[in-house]
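To start, the structure under review is shown below, and the notes come after it.
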Amino acid sequence: MPRISPPDPHILDRRRRIAGRIRDARLHANLTQQAIAERTGMDRSAYQEIEYGAVSPLLDSLLRIADAIGVDLADVVREPEPEGE
């Protein structure tokens, strides 16, 4: 079985930023982690790991989370434009 190397720091940083945007959107929608977990059909601890950036979620999970919060997936994963460009 092929061994998967851990993600490089740049990827981990981007994952954490996406996790932060998920958390911000959830809080803006005045929803709890438990509410999102229930709406998505996932375990609260599994959702929590995504929101903390501890795991790399599947696209299907990101789609369910965005729908549960009521935001576009693009708003969650879009990287801001670098300043000065």
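Starting from 1 in every chain, residues are counted up; chains themselves are A, B, ... following the order of the structure tokens, and ligands are numbered from 1 as listed.
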Name all residues at most 7 Å from region 26-30 of chain A (count only C-alpha atoms; drop same-chain ones fewer than 3 positions away) and give them as a short mmCIF file (atom, residue, chain, number, x, y, z; two decimals) with N, CA and C atoms, in the first residue's frame.
```
data_model
loop_
_atom_site.label_atom_id
_atom_site.label_comp_id
_atom_site.auth_asym_id
_atom_site.auth_seq_id
_atom_site.Cartn_x
_atom_site.Cartn_y
_atom_site.Cartn_z
N ILE A 22 -15.12 28.55 7.86
CA ILE A 22 -16.28 27.73 8.21
C ILE A 22 -16.79 28.15 9.59
N ARG A 23 -15.88 28.27 10.53
CA ARG A 23 -16.27 28.66 11.89
C ARG A 23 -16.92 30.04 11.90
N ILE A 69 -24.97 25.63 6.75
CA ILE A 69 -24.77 26.99 7.26
C ILE A 69 -25.56 27.99 6.42
#
```
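Within 7 Å of region 37-44 of chain A, once only C-alpha atoms are used and residues closer than 3 positions along the same chain are dropped, the contacting residues are A:Gln33, A:Gln34, A:Tyr47, A:Gln48, A:Arg64, A:Ile65, A:Ala68.
Pairwise distance (CA of Pro80 (chain A), CA of Ile4 (chain A)) equals 28.9 Å.
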- note - CA of Leu73 (chain A) and CA of Gly53 (chain A) are separated by 16.3 Å
- Task: Considering only C-alpha atoms, state which residue in the set A:Glu83, A:Arg14, A:Ser5, A:Gly20 is at the smallest distance from Glu51 (chain A).
- Result: A:Gly20
- Could you give me the residues within chain A that DSSP places in helix (DSSP H, G or I), as a PyMOL selection string? chain A and resi 9-28+33-40+44-51+59-69+73-77
Quick one: everything within 12 Å of Leu59 (chain A), counting only C-alpha atoms, minus sequence neighbours fewer than 6 positions away in the same chain. Send it as a PDB file with N, CA and C atoms, in the first residue's frame.
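Result file follows (selection06.pdb):
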```pdb
ATOM      1  N   ILE A  50     -13.007  19.108  11.541  1.00  0.00           N
ATOM      2  CA  ILE A  50     -12.973  19.889  10.297  1.00  0.00           C
ATOM      3  C   ILE A  50     -12.861  21.372  10.631  1.00  0.00           C
ATOM      4  N   ILE A  65     -21.669  20.943   4.737  1.00  0.00           N
ATOM      5  CA  ILE A  65     -21.460  21.984   5.741  1.00  0.00           C
ATOM      6  C   ILE A  65     -21.909  23.334   5.206  1.00  0.00           C
ATOM      7  N   ALA A  66     -21.502  23.667   3.988  1.00  0.00           N
ATOM      8  CA  ALA A  66     -21.901  24.952   3.396  1.00  0.00           C
ATOM      9  C   ALA A  66     -23.423  25.043   3.307  1.00  0.00           C
ATOM     10  N   LEU A  73     -20.316  27.327  -1.181  1.00  0.00           N
ATOM     11  CA  LEU A  73     -19.052  26.644  -0.942  1.00  0.00           C
ATOM     12  C   LEU A  73     -17.878  27.546  -1.321  1.00  0.00           C
ATOM     13  N   ALA A  74     -18.034  28.282  -2.410  1.00  0.00           N
ATOM     14  CA  ALA A  74     -16.954  29.171  -2.858  1.00  0.00           C
ATOM     15  C   ALA A  74     -16.576  30.184  -1.786  1.00  0.00           C
ATOM     16  N   VAL A  76     -16.522  29.733   1.318  1.00  0.00           N
ATOM     17  CA  VAL A  76     -15.777  29.045   2.375  1.00  0.00           C
ATOM     18  C   VAL A  76     -14.352  28.725   1.920  1.00  0.00           C
ATOM     19  N   VAL A  77     -14.183  28.327   0.678  1.00  0.00           N
ATOM     20  CA  VAL A  77     -12.868  27.873   0.232  1.00  0.00           C
ATOM     21  C   VAL A  77     -12.079  28.912  -0.551  1.00  0.00           C
TER      22      VAL A  77
END
```
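Put simply, CA of Val71 (chain A) is 18.0 Å away from CA of Arg15 (chain A).
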- Can you tell me, as a list in words, what residues are no more than 12 Å from region 9-13 of chain A when counting only C-alpha atoms, ignoring any on the same chain fewer than 3 positions away? Pro6, Arg16, Arg17, Ile18, Ala19, Gly20, Tyr52, Gly53, Ala54, Val55, Ser56 and Glu79 of chain A
